[in-house]
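K.L.:
For reference, the file entry00.cif (mmCIF, C-alpha atoms) is included below:
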data_coords
loop_
_atom_site.label_atom_id
_atom_site.label_comp_id
_atom_site.auth_asym_id
_atom_site.auth_seq_id
_atom_site.Cartn_x
_atom_site.Cartn_y
_atom_site.Cartn_z
CA MET A 1 118.69 109.16 111.78
CA ILE A 2 117.89 111.59 108.94
CA ILE A 3 114.43 111.48 107.38
CA GLU A 4 113.87 113.39 104.14
CA GLY A 5 110.90 115.73 104.18
CA LEU A 6 109.57 118.99 102.85
CA VAL A 7 109.59 122.08 105.03
CA SER A 8 107.04 124.83 104.46
CA THR A 9 107.74 128.31 105.76
CA LEU A 10 106.24 131.74 105.22
CA ASN A 11 108.10 134.17 102.99
CA ASP A 12 108.24 137.89 103.83
CA ASP A 13 105.35 138.54 101.44
CA GLY A 14 103.11 135.92 103.09
CA THR A 15 103.49 133.31 100.33
CA LEU A 16 104.44 129.76 101.15
CA ASN A 17 107.94 128.39 100.51
CA LEU A 18 108.34 124.61 100.23
CA SER A 19 111.84 123.11 100.37
CA PRO A 20 113.24 119.60 100.70
CA MET A 21 115.23 119.09 103.87
CA GLY A 22 116.45 116.21 105.97
CA ALA A 23 115.28 116.18 109.58
CA ILE A 24 117.45 114.55 112.22
CA VAL A 25 115.09 112.54 114.40
CA ASP A 26 114.90 109.94 117.08
CA HIS A 27 112.93 107.28 115.20
CA ARG A 28 110.82 106.52 118.28
CA HIS A 29 109.18 109.92 118.62
CA TRP A 30 108.72 113.17 116.79
CA GLU A 31 108.28 115.61 119.67
CA THR A 32 111.59 117.25 118.78
CA PHE A 33 113.81 117.12 115.73
CA GLU A 34 116.72 119.02 114.24
CA LEU A 35 116.99 120.84 110.93
CA ARG A 36 120.28 122.02 109.40
CA PRO A 37 119.49 124.49 106.63
CA PHE A 38 122.19 126.33 104.72
CA GLU A 39 122.36 129.89 106.04
CA SER A 40 122.06 131.24 102.50
CA SER A 41 118.73 129.46 101.90
CA ARG A 42 115.30 131.06 101.88
CA THR A 43 114.09 128.41 104.33
CA HIS A 44 116.80 129.40 106.80
CA GLY A 45 115.87 133.07 106.56
CA ASN A 46 112.19 132.31 106.97
CA LEU A 47 112.77 130.04 109.98
CA ARG A 48 115.06 132.56 111.68
CA ARG A 49 112.54 135.35 111.09
CA SER A 50 109.30 133.52 111.98
CA GLY A 51 110.56 130.73 114.21
CA ALA A 52 108.01 128.27 112.82
CA GLY A 53 107.28 125.93 109.93
CA VAL A 54 105.81 122.60 108.93
CA LEU A 55 107.73 119.39 108.24
CA HIS A 56 105.88 117.22 105.71
CA LEU A 57 106.56 113.52 105.25
CA THR A 58 105.40 112.17 101.92
CA ASP A 59 106.11 109.48 99.36
CA ASP A 60 105.28 111.86 96.47
CA VAL A 61 108.74 112.31 94.95
CA LEU A 62 107.42 114.68 92.29
CA LEU A 63 106.80 117.17 95.12
CA TYR A 64 110.46 116.85 96.13
CA ALA A 65 111.62 117.36 92.55
CA ARG A 66 109.37 120.41 92.04
CA ALA A 67 110.52 121.92 95.33
CA ILE A 68 114.23 121.39 94.58
CA ALA A 69 113.82 122.74 91.04
CA GLY A 70 111.54 125.60 92.09
CA VAL A 71 109.18 124.66 89.28
CA TRP A 72 105.49 124.52 90.11
CA ASP A 73 103.00 123.94 87.31
CA GLU A 74 100.54 124.15 90.16
CA PHE A 75 101.52 124.61 93.81
CA PRO A 76 100.21 121.74 95.96
CA GLU A 77 96.93 122.28 97.77
CA THR A 78 97.48 123.71 101.24
CA VAL A 79 95.40 124.60 104.28
CA GLU A 80 96.12 127.00 107.13
CA CYS A 81 97.99 125.59 110.11
CA ASP A 82 96.30 125.17 113.47
CA CYS A 83 99.05 126.40 115.80
CA ILE A 84 101.46 128.50 113.74
CA ALA A 85 101.21 131.09 110.97
CA GLY A 86 101.63 129.23 107.71
CA GLY A 87 100.24 126.46 105.59
CA ARG A 88 100.55 122.73 105.29
CA VAL A 89 100.33 120.49 102.24
CA VAL A 90 97.02 118.59 102.22
CA ASP A 91 98.35 115.54 100.36
CA ALA A 92 101.22 114.79 102.78
CA GLU A 93 100.96 111.64 104.84
CA VAL A 94 102.19 113.44 107.96
CA ALA A 95 102.57 117.15 108.65
CA LEU A 96 104.26 118.38 111.82
CA GLU A 97 103.74 122.01 112.73
CA PHE A 98 106.80 123.13 114.68
CA THR A 99 108.48 126.03 116.39
CA VAL A 100 112.22 126.63 116.54
CA VAL A 101 113.28 126.49 120.18
CA TRP A 102 117.04 126.83 119.77
CA ALA A 103 119.38 127.86 116.97
CA GLU A 104 123.12 127.97 116.39
CA ASN A 105 125.12 128.97 113.32
CA ARG A 106 127.91 126.59 112.36
CA GLY A 107 129.93 127.84 109.43
CA GLY A 108 127.45 128.09 106.59
CA ARG A 109 124.76 125.92 108.15
CA SER A 110 122.52 126.45 111.11
CA VAL A 111 121.43 123.86 113.60
CA LEU A 112 117.80 124.43 114.54
CA LYS A 113 116.17 122.41 117.30
CA CYS A 114 112.46 122.20 116.59
CA GLN A 115 109.51 121.35 118.83
CA THR A 116 106.41 119.74 117.32
CA VAL A 117 103.31 121.71 118.34
CA GLN A 118 100.70 119.92 116.19
CA ARG A 119 100.57 116.67 114.21
CA HIS A 120 98.37 116.02 111.21
CA ARG A 121 97.73 112.67 109.56
CA GLY A 122 96.85 112.76 105.88
CA ARG A 123 96.56 110.05 103.28
CA ASP A 124 97.97 106.57 103.74
CA PHE A 125 101.70 106.11 103.11
CA MET A 126 102.11 104.01 99.98
CA GLY A 127 105.82 103.42 100.45
CA PHE A 128 108.95 103.85 98.39
CA ASN A 129 109.92 101.69 95.49
CA ARG A 130 113.50 101.76 94.24
CA ALA A 131 112.72 104.56 91.76
CA ARG A 132 111.41 106.82 94.53
CA HIS A 133 114.61 106.31 96.49
CA ALA A 134 116.61 107.10 93.35
CA VAL A 135 114.67 110.33 92.77
CA ILE A 136 115.28 111.43 96.37
CA GLU A 137 119.01 110.75 95.92
CA ALA A 138 119.00 112.72 92.65
CA ALA A 139 117.25 115.63 94.39
CA ILE A 140 119.99 115.64 97.02
CA LEU A 141 122.63 115.65 94.27
CA VAL A 142 120.94 118.65 92.62
CA SER A 143 121.04 120.50 95.92
CA ARG A 144 124.74 119.67 96.41
CA GLN A 145 126.04 121.07 93.11
CA GLY A 146 129.16 123.05 93.86
CA ILE A 147 129.76 120.94 96.97
CA ILE A 148 130.13 117.50 95.38
CA PRO A 149 132.50 117.28 92.37
CA ALA A 150 130.65 117.33 89.03
CA GLU A 151 132.19 114.00 87.98
CA GLU A 152 130.82 112.32 91.10
CA ILE A 153 127.35 113.77 90.51
CA SER A 154 127.40 112.54 86.91
CA ARG A 155 128.57 109.06 87.97
CA GLN A 156 125.85 108.74 90.61
CA LEU A 157 123.15 110.01 88.24
CA GLN A 158 124.01 107.34 85.69
CA ALA A 159 123.46 104.59 88.26
CA LEU A 160 120.25 106.18 89.55
CA GLU A 161 118.80 106.63 86.06
CA THR A 162 118.85 102.87 85.49
CA ILE A 163 116.82 102.32 88.64
CA VAL A 164 114.22 104.93 87.66
CA ASP A 165 113.97 103.46 84.15
CA LYS A 166 113.41 99.93 85.49
CA THR A 167 111.11 100.53 88.45
CA GLY A 168 109.54 103.98 88.11
CA GLY A 169 105.99 104.95 87.27
CA PRO A 170 104.81 108.17 85.62
CA GLY A 171 105.41 110.31 88.74
CA GLU A 172 108.95 109.06 89.22
CA HIS A 173 109.78 109.53 85.52
CA ALA A 174 108.39 113.10 85.59
CA ALA A 175 110.37 113.87 88.75
CA TRP A 176 113.55 112.44 87.20
CA LYS A 177 113.14 114.45 84.02
CA LEU A 178 112.63 117.65 86.01
CA LEU A 179 115.70 117.04 88.21
CA VAL A 180 117.98 116.22 85.29
CA THR A 181 117.15 119.61 83.75
CA ARG A 182 118.57 121.22 86.90
CA ILE A 183 121.92 119.41 86.83
CA ASN A 184 124.81 121.55 85.63
CA VAL A 185 127.05 118.63 84.66
CA ASP A 186 127.06 116.13 81.84
CA SER A 187 123.94 114.26 82.86
CA PRO A 188 122.24 111.16 81.56
CA SER A 189 119.09 111.42 79.41
#
Any chance you could give the structure as C-alpha cells?
P.N.:
Amino acid sequence: MIIEGLVSTLNDDGTLNLSPMGAIVDHRHWETFELRPFESSRTHGNLRRSGAGVLHLTDDVLLYARAIAGVWDEFPETVECDCIAGGRVVDAEVALEFTVVWAENRGGRSVLKCQTVQRHRGRDFMGFNRARHAVIEAAILVSRQGIIPAEEISRQLQALETIVDKTGGPGEHAAWKLLVTRINVDSPS
C-alpha cells in the first residue's frame, strides 16, 4: 500500500527540504517502509548523502501543495529530531524519523528501504474530505508533468476541480490555486 506523506531531509547547506512522496508500507506496522524517489530529485540526493530523514503524515493538503510548488510564504514550524540530524514538522499528525538501511538504483528511480528509529505523535488527524483527496491527486499530477501526457493531466484536473469547488474549505481552495499555477498545460481555473 502507498501512503502519501512529506519527507524532510537536510540539504548540503543545513537547511530543511520538504517534499511530497509516497511511502510503500505494510499497513499493520511502520517499523520499515520503502521510498522511491526520482534520482534527479533533491530528496534523493539528500537521502543518499545523509542516509536519514523524516516521513510526515498529515491531512494539511496546503503543505503538500506548497512543497510540490516550492512556494513557502512561511516554512512550517519545525523542531530538531531526536535520533537523526534534521528537523520535523510540528503540525504533522505523525512524524517518523528514519534511516536508510538499503538502497538500489532502478533506471531513474531509487528504491530505499527505511527503518523507523523514532515516532512522534502530533495533533489529532482530522481526516480527508473529497477535496483533500482531489488536491493530493492534483499534486501528484503536477509532479508527473513530462511523464503523463498533457491532455490526460488536463482531463483529470477538470474532474478534480469540481470536487474541490463543491467540498473544499479555504485550505483546499488555496492549495488548489497554488497547484494550478504550476501546471504547464491548459488547466482549469
K.L.:
One decimal, in Å: what's the spacing between CA of Gln156 (chain A) and CA of Ser143 (chain A)?
P.N.:
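Answer for the CA of Gln156 (chain A) to CA of Ser143 (chain A) separation: 13.8 Å.
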K.L.:
To one decimal place in Å, what is the distance between CA of Leu6 (chain A) and CA of Val79 (chain A)?
P.N.:
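Going from CA of Leu6 (chain A) over to CA of Val79 (chain A), I get 15.3 Å.
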K.L.:
Skip Thr43 (chain A) itself and residues of its chain fewer than 4 positions away, then list as a PyMOL selection string all residues within 10 Å of it, counting all atoms listed in the file.
P.N.:
chain A and resi 7-11+17-21+37-39+47-49+53
K.L.:
I'd like the residues picked by the PyMOL selection byres ((chain A and resi 24-31) around 6) written out as a list in words, using the chain letters and numbers from the file.
P.N.:
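Listing what the PyMOL selection byres ((chain A and resi 24-31) around 6) selects in the shown file: Met1, Ile2, Ala23, Thr32, Phe33, Glu34, Gln115 and Thr116 of chain A.
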K.L.:
For the residues selected in the previous step, produce a file with C-alpha atoms as a compact mmCIF listing (two decimals), in the frame of the given file.
P.N.:
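The file below, selection.txt, is the result:
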# COMPACT_ATOMS: atom_id res chain seq x y z
CA MET A 1 118.69 109.16 111.78
CA ILE A 2 117.89 111.59 108.94
CA ALA A 23 115.28 116.18 109.58
CA THR A 32 111.59 117.25 118.78
CA PHE A 33 113.81 117.12 115.73
CA GLU A 34 116.72 119.02 114.24
CA GLN A 115 109.51 121.35 118.83
CA THR A 116 106.41 119.74 117.32
K.L.:
What does the distance from CA of Glu137 (chain A) to CA of Leu160 (chain A) come to in Å, to one decimal?
P.N.:
7.9 Å
K.L.:
With distances taken over all atoms listed in the file, which of A:His44, A:Arg109, A:Arg121, A:Arg130 is nearest to Leu96 (chain A)?
P.N.:
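Of A:His44, A:Arg109, A:Arg121, A:Arg130, the one nearest Leu96 (chain A) is A:Arg121, counting all atoms listed in the file.
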K.L.:
A:Gly146, A:Gly108, A:Gly87, A:Gly171: which is nearest Val54 (chain A), counting all atoms listed in the file?
P.N.:
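Ranking A:Gly146, A:Gly108, A:Gly87, A:Gly171 by distance to Val54 (chain A), first place goes to A:Gly87.
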K.L.:
Just so I have it separately, write region 15-46 of chain A from the block I sent, keeping N, CA and C atoms, as a PDB file, in the first residue's frame.
P.N.:
ATOM      1  N   THR A  15      19.927  23.556   5.547  1.00  0.00           N
ATOM      2  CA  THR A  15      18.512  23.919   5.548  1.00  0.00           C
ATOM      3  C   THR A  15      17.665  22.671   5.336  1.00  0.00           C
ATOM      4  N   LEU A  16      16.394  22.803   5.649  1.00  0.00           N
ATOM      5  CA  LEU A  16      15.485  21.671   5.555  1.00  0.00           C
ATOM      6  C   LEU A  16      14.775  21.668   4.208  1.00  0.00           C
ATOM      7  N   ASN A  17      14.710  20.512   3.575  1.00  0.00           N
ATOM      8  CA  ASN A  17      13.960  20.298   2.343  1.00  0.00           C
ATOM      9  C   ASN A  17      12.729  19.471   2.705  1.00  0.00           C
ATOM     10  N   LEU A  18      11.570  19.866   2.192  1.00  0.00           N
ATOM     11  CA  LEU A  18      10.330  19.152   2.461  1.00  0.00           C
ATOM     12  C   LEU A  18       9.677  18.816   1.128  1.00  0.00           C
ATOM     13  N   SER A  19       9.495  17.517   0.856  1.00  0.00           N
ATOM     14  CA  SER A  19       8.973  17.063  -0.428  1.00  0.00           C
ATOM     15  C   SER A  19       7.881  16.019  -0.237  1.00  0.00           C
ATOM     16  N   PRO A  20       6.828  16.105  -1.056  1.00  0.00           N
ATOM     17  CA  PRO A  20       5.806  15.060  -1.022  1.00  0.00           C
ATOM     18  C   PRO A  20       6.372  13.758  -1.598  1.00  0.00           C
ATOM     19  N   MET A  21       5.994  12.662  -1.003  1.00  0.00           N
ATOM     20  CA  MET A  21       6.459  11.373  -1.506  1.00  0.00           C
ATOM     21  C   MET A  21       5.567  10.268  -0.956  1.00  0.00           C
ATOM     22  N   GLY A  22       5.264   9.311  -1.797  1.00  0.00           N
ATOM     23  CA  GLY A  22       4.517   8.146  -1.346  1.00  0.00           C
ATOM     24  C   GLY A  22       5.460   7.152  -0.683  1.00  0.00           C
ATOM     25  N   ALA A  23       5.020   6.613   0.433  1.00  0.00           N
ATOM     26  CA  ALA A  23       5.783   5.580   1.141  1.00  0.00           C
ATOM     27  C   ALA A  23       5.044   4.259   0.981  1.00  0.00           C
ATOM     28  N   ILE A  24       5.778   3.235   0.605  1.00  0.00           N
ATOM     29  CA  ILE A  24       5.196   1.900   0.466  1.00  0.00           C
ATOM     30  C   ILE A  24       5.313   1.231   1.830  1.00  0.00           C
ATOM     31  N   VAL A  25       4.150   0.884   2.390  1.00  0.00           N
ATOM     32  CA  VAL A  25       4.117   0.396   3.769  1.00  0.00           C
ATOM     33  C   VAL A  25       3.279  -0.863   3.880  1.00  0.00           C
ATOM     34  N   ASP A  26       3.544  -1.593   4.937  1.00  0.00           N
ATOM     35  CA  ASP A  26       2.647  -2.637   5.396  1.00  0.00           C
ATOM     36  C   ASP A  26       1.714  -1.920   6.365  1.00  0.00           C
ATOM     37  N   HIS A  27       0.433  -1.877   6.076  1.00  0.00           N
ATOM     38  CA  HIS A  27      -0.497  -1.072   6.861  1.00  0.00           C
ATOM     39  C   HIS A  27      -0.588  -1.472   8.331  1.00  0.00           C
ATOM     40  N   ARG A  28      -0.005  -2.586   8.710  1.00  0.00           N
ATOM     41  CA  ARG A  28      -0.097  -3.037  10.101  1.00  0.00           C
ATOM     42  C   ARG A  28       1.009  -2.493  10.985  1.00  0.00           C
ATOM     43  N   HIS A  29       2.108  -2.074  10.379  1.00  0.00           N
ATOM     44  CA  HIS A  29       3.198  -1.530  11.190  1.00  0.00           C
ATOM     45  C   HIS A  29       4.018  -0.563  10.360  1.00  0.00           C
ATOM     46  N   TRP A  30       4.781   0.233  11.040  1.00  0.00           N
ATOM     47  CA  TRP A  30       5.589   1.262  10.381  1.00  0.00           C
ATOM     48  C   TRP A  30       7.063   1.131  10.759  1.00  0.00           C
ATOM     49  N   GLU A  31       7.493  -0.038  11.180  1.00  0.00           N
ATOM     50  CA  GLU A  31       8.901  -0.207  11.536  1.00  0.00           C
ATOM     51  C   GLU A  31       9.805  -0.014  10.324  1.00  0.00           C
ATOM     52  N   THR A  32       9.365  -0.507   9.177  1.00  0.00           N
ATOM     53  CA  THR A  32      10.100  -0.318   7.932  1.00  0.00           C
ATOM     54  C   THR A  32       9.131   0.150   6.859  1.00  0.00           C
ATOM     55  N   PHE A  33       9.658   0.867   5.888  1.00  0.00           N
ATOM     56  CA  PHE A  33       8.872   1.289   4.740  1.00  0.00           C
ATOM     57  C   PHE A  33       9.840   1.555   3.598  1.00  0.00           C
ATOM     58  N   GLU A  34       9.286   1.742   2.420  1.00  0.00           N
ATOM     59  CA  GLU A  34      10.102   1.939   1.225  1.00  0.00           C
ATOM     60  C   GLU A  34       9.755   3.278   0.581  1.00  0.00           C
ATOM     61  N   LEU A  35      10.779   3.986   0.167  1.00  0.00           N
ATOM     62  CA  LEU A  35      10.612   5.218  -0.606  1.00  0.00           C
ATOM     63  C   LEU A  35      11.212   4.992  -1.980  1.00  0.00           C
ATOM     64  N   ARG A  36      10.646   5.645  -2.996  1.00  0.00           N
ATOM     65  CA  ARG A  36      11.153   5.504  -4.363  1.00  0.00           C
ATOM     66  C   ARG A  36      11.310   6.879  -5.019  1.00  0.00           C
ATOM     67  N   PRO A  37      12.271   7.651  -4.549  1.00  0.00           N
ATOM     68  CA  PRO A  37      12.463   8.983  -5.126  1.00  0.00           C
ATOM     69  C   PRO A  37      13.100   8.916  -6.510  1.00  0.00           C
ATOM     70  N   PHE A  38      12.797   9.921  -7.325  1.00  0.00           N
ATOM     71  CA  PHE A  38      13.487  10.055  -8.600  1.00  0.00           C
ATOM     72  C   PHE A  38      14.938  10.414  -8.308  1.00  0.00           C
ATOM     73  N   GLU A  39      15.859   9.794  -9.038  1.00  0.00           N
ATOM     74  CA  GLU A  39      17.283  10.012  -8.787  1.00  0.00           C
ATOM     75  C   GLU A  39      17.709  11.450  -9.035  1.00  0.00           C
ATOM     76  N   SER A  40      16.949  12.185  -9.830  1.00  0.00           N
ATOM     77  CA  SER A  40      17.278  13.577 -10.115  1.00  0.00           C
ATOM     78  C   SER A  40      16.771  14.539  -9.039  1.00  0.00           C
ATOM     79  N   SER A  41      16.023  14.042  -8.058  1.00  0.00           N
ATOM     80  CA  SER A  41      15.417  14.920  -7.055  1.00  0.00           C
ATOM     81  C   SER A  41      16.393  15.296  -5.943  1.00  0.00           C
ATOM     82  N   ARG A  42      16.130  16.439  -5.351  1.00  0.00           N
ATOM     83  CA  ARG A  42      16.922  16.895  -4.201  1.00  0.00           C
ATOM     84  C   ARG A  42      16.778  15.915  -3.039  1.00  0.00           C
ATOM     85  N   THR A  43      15.551  15.424  -2.828  1.00  0.00           N
ATOM     86  CA  THR A  43      15.324  14.476  -1.733  1.00  0.00           C
ATOM     87  C   THR A  43      16.200  13.241  -1.906  1.00  0.00           C
ATOM     88  N   HIS A  44      16.279  12.722  -3.122  1.00  0.00           N
ATOM     89  CA  HIS A  44      17.122  11.559  -3.373  1.00  0.00           C
ATOM     90  C   HIS A  44      18.576  11.864  -3.015  1.00  0.00           C
ATOM     91  N   GLY A  45      19.089  12.980  -3.502  1.00  0.00           N
ATOM     92  CA  GLY A  45      20.470  13.345  -3.193  1.00  0.00           C
ATOM     93  C   GLY A  45      20.713  13.488  -1.703  1.00  0.00           C
ATOM     94  N   ASN A  46      19.774  14.126  -1.021  1.00  0.00           N
ATOM     95  CA  ASN A  46      19.926  14.301   0.427  1.00  0.00           C
ATOM     96  C   ASN A  46      19.891  12.962   1.168  1.00  0.00           C
TER      97      ASN A  46
END
